[in-house]
Amino acid sequence: MTTESRPRLKITYATLRADNEELHAAFEAGVEKVRAQLGRYHPNVIGGRERDGEGAFEKRSPVDGTLLGTFARGTRLDVQDAIAAARAAWPDWSRRPWQERVAVLRRVADVISARQMEFAALLAMEVGKNRLEALGDVEETADLIRWSCEMMERNEGFDHPMGNLGDPTVRTRSILKPYGVWGVISPFNFPFALAGGPAGAALVTGNTVVFKPSSDAPLSAVLLTKAFHDGGVPPNAFNLVMGPGETVGEEIQNNPGIDGIVFTGSFEVGFRLYKNFAKVYPKPVIVEMGGKNPAIVSRKADLEEAAEGIMRSAFGFSGQKCSANSRVYVERPVMDEFVRLLVAKTEAITIGDPVKRENWLGPVINERAVARYENAVGEARRDGRLLIGGERVTENGLDAGFFVAPTIATDLPYDHRLLRDELFIPFTVVLPVDSLDQALRLSNDNILGLTAGFYSEDPAEITKFLDEIEAGVVYVNRRAGATTGAWPGIQPFGGWKGSTATGKAGGGYYYVQQFMREQSQTIVD
């Protein structure tokens, strides 16, 4: 059991300061610790035992191509054995008093917080987050787990007495009970938060877990798995199987031994999973399927505030967030001045190795993302025009990585593909509108509805936006990020429409219940 203690600093996306010398010194120590461990081989962890796969795959840094490690390539049999291990662990784990499970998961959260600098340094190398985004990702993971624990405590384990129609011989209770074995399939962009958060919710409610991470972030998964085990989760209750989606992912989705599934990714993959996961009878499916998130700038907005918030949300982590601000509707009278401010702030972005303190924007994740960027740039030049960006960044030794310039497009048709499809690159489109009504109509004209932002100093306009916008997470006049930056217990994070399958938001009051089913128990004395 770890004896590590939590750090004194509370790191969030909205409260970080780049001038915190204590933080930066600790991060540098984390960098050195991670670099000493690079290049190793990492097996899967099934039933508490290390296990090789069918060969191995490499993970190289998108920053400079450095080999971060090699990882066991899991097979369908590996998944089957992981499910069997999780199934064997479930009776004992689920029958533990909920208070014991909460205590274990709180220790897991403390382990993650204690290792925050090491984990964040790895994120900078593995997926290209700048150090402040990386630190936020790790601490968000711990706080997501703590929030699930708090929800269990506030609801007394979701075990509540019911009425008896005045008959004292009748005792009835409503109890939420775990389903069994959950599959957790996580993306590369939040390798800790979007794996540890749902896994923690599944475990604290009495389920066991089979975890498949993105092959673009396998080392984060290895360290997260160790944190769960070091925190006291039984080894066979949390199983790690790395490998390709067409084998490992498909087996998790199709194996009847999986009782529920959590998936974060594209709408196409998530919706297919939602429709096809249940085979014999309905099973819970929690899918978060991205966003095409709008921001609206009123003629009554503080334009400097709007430009700052939109720049941060459009280009933070190279736009590789489901909450990224990828389309902006600006009332025509302030369009020119807003564009001037936004372009100036974008020009000031420092691009480079995100491990280094001075760099705010790192690379995109891989060559496929570069190709997606180049295709979007080509379409924008053909059908509209670019205000800034549009090229790959290779100077100052960046040619070995996947660096692209933050890009702003305009003059596109309102129904253009670049305003409808999620791109996951540092690319946003700014268009003028003639009224708030038009901006709201365009904002809502999408099958996705994850986040949205609004800038106005007019209370009536703010009320109208809040009443009419179709999104699960909305922000008004937020300098720290127009559409990004949710935190557990502060801003529940979840979408509407095609962005979700459940309408329940992570880090909110109704999320953890999804990992349980209700049983009514009546006893007559």
# chains A, B, ... in the order shown; residues from 1 in each chain; ligands from 1
>>> residues_around(residues="Val429 in chain A", least_positions_apart="3", cutoff="6 Å", atoms="only C-alpha atoms", output="list in words")
Arg327, Ile408, Ala409 and Thr410 of chain A
>>> write_last_selection(atoms="C-alpha atoms", output="mmCIF file, in the first residue's frame")
data_model
loop_
_atom_site.group_PDB
_atom_site.id
_atom_site.type_symbol
_atom_site.label_atom_id
_atom_site.label_comp_id
_atom_site.auth_asym_id
_atom_site.auth_seq_id
_atom_site.Cartn_x
_atom_site.Cartn_y
_atom_site.Cartn_z
ATOM 1 C CA ARG A 327 -17.091 27.304 -34.819
ATOM 2 C CA ILE A 408 -8.728 30.299 -38.344
ATOM 3 C CA ALA A 409 -10.948 30.119 -41.434
ATOM 4 C CA THR A 410 -13.774 32.360 -42.601
#
>>> select_by_dssp(residues="range 125-337 of chain A", states="alpha helix (DSSP H)", output="MDAnalysis selection string")
chainID A and resid 125:126 131:154 193:204 218:230 250:254 267:276 303:315 335:337
>>> closest_residue(among="A:Arg101, A:Asn236, A:Tyr274, A:Glu518", to="His160 in chain A", atoms="only C-alpha atoms")
A:Glu518
>>> residues_around(residues="range 331-337 of chain A", least_positions_apart="2", cutoff="12 Å", atoms="only C-alpha atoms", output="ChimeraX atom specification")
/A:295-304,306-307,328-329,339-344,387,410,430-440,454-456
>>> atom_distance(atom1="CA of Ala89 in chain A", atom2="CA of Ala237 in chain A")
5.4 Å
>>> residues_around(residues="range 210-220 of chain A", least_positions_apart="2", cutoff="6 Å", atoms="only C-alpha atoms", output="MDAnalysis selection string")
chainID A and resid 183:188 222:223 239:242
>>> closest_residue(among="A:Ala221, A:Ala505, A:Leu176, A:Ala202", to="Val102 in chain A", atoms="only C-alpha atoms")
A:Ala202
>>> closest_residue(among="A:Val524, A:Ala376, A:Ala400, A:Val138", to="Glu118 in chain A", atoms="only C-alpha atoms")
A:Val138
>>> residues_around(residues="Glu391 in chain A", least_positions_apart="6", cutoff="8 Å", atoms="only C-alpha atoms", output="CSV table (one decimal) with N, CA and C atoms, in the first residue's frame")
chain,number,residue,atom,x,y,z
A,374,GLU,N,-4.5,18.8,-42.9
A,374,GLU,CA,-4.2,19.3,-44.3
A,374,GLU,C,-5.4,19.2,-45.2
A,404,VAL,N,1.4,21.4,-36.2
A,404,VAL,CA,0.7,22.2,-37.2
A,404,VAL,C,0.3,23.5,-36.6
A,405,ALA,N,0.1,24.5,-37.4
A,405,ALA,CA,-0.2,25.9,-36.9
A,405,ALA,C,-1.7,26.0,-36.6
>>> select_by_dssp(residues="range 320-372 of chain A", states="strand (DSSP E)", output="list of chain:residue names")
A:Asn325, A:Ser326, A:Arg327, A:Val328, A:Tyr329, A:Val330, A:Glu331
>>> write_last_selection(atoms="N, CA, C and O atoms", output="JSON list (two decimals), in the first residue's frame")
[["chain", "number", "residue", "atom", "x", "y", "z"],
["A", 325, "ASN", "N", -13.66, 24.51, -29.17],
["A", 325, "ASN", "CA", -14.51, 25.51, -29.82],
["A", 325, "ASN", "C", -14.15, 25.57, -31.30],
["A", 325, "ASN", "O", -13.21, 26.25, -31.69],
["A", 326, "SER", "N", -14.93, 24.90, -32.13],
["A", 326, "SER", "CA", -14.56, 24.75, -33.54],
["A", 326, "SER", "C", -15.38, 25.61, -34.49],
["A", 326, "SER", "O", -15.16, 25.57, -35.70],
["A", 327, "ARG", "N", -16.35, 26.37, -33.97],
["A", 327, "ARG", "CA", -17.09, 27.30, -34.82],
["A", 327, "ARG", "C", -17.53, 28.49, -33.98],
["A", 327, "ARG", "O", -17.91, 28.33, -32.81],
["A", 328, "VAL", "N", -17.44, 29.68, -34.57],
["A", 328, "VAL", "CA", -17.71, 30.92, -33.85],
["A", 328, "VAL", "C", -18.63, 31.78, -34.70],
["A", 328, "VAL", "O", -18.36, 32.03, -35.89],
["A", 329, "TYR", "N", -19.72, 32.24, -34.10],
["A", 329, "TYR", "CA", -20.67, 33.11, -34.78],
["A", 329, "TYR", "C", -20.63, 34.48, -34.11],
["A", 329, "TYR", "O", -20.89, 34.60, -32.91],
["A", 330, "VAL", "N", -20.29, 35.51, -34.90],
["A", 330, "VAL", "CA", -20.06, 36.85, -34.38],
["A", 330, "VAL", "C", -21.04, 37.82, -35.01],
["A", 330, "VAL", "O", -21.19, 37.85, -36.25],
["A", 331, "GLU", "N", -21.71, 38.63, -34.19],
["A", 331, "GLU", "CA", -22.61, 39.62, -34.77],
["A", 331, "GLU", "C", -21.82, 40.58, -35.65],
["A", 331, "GLU", "O", -20.73, 41.05, -35.28]]
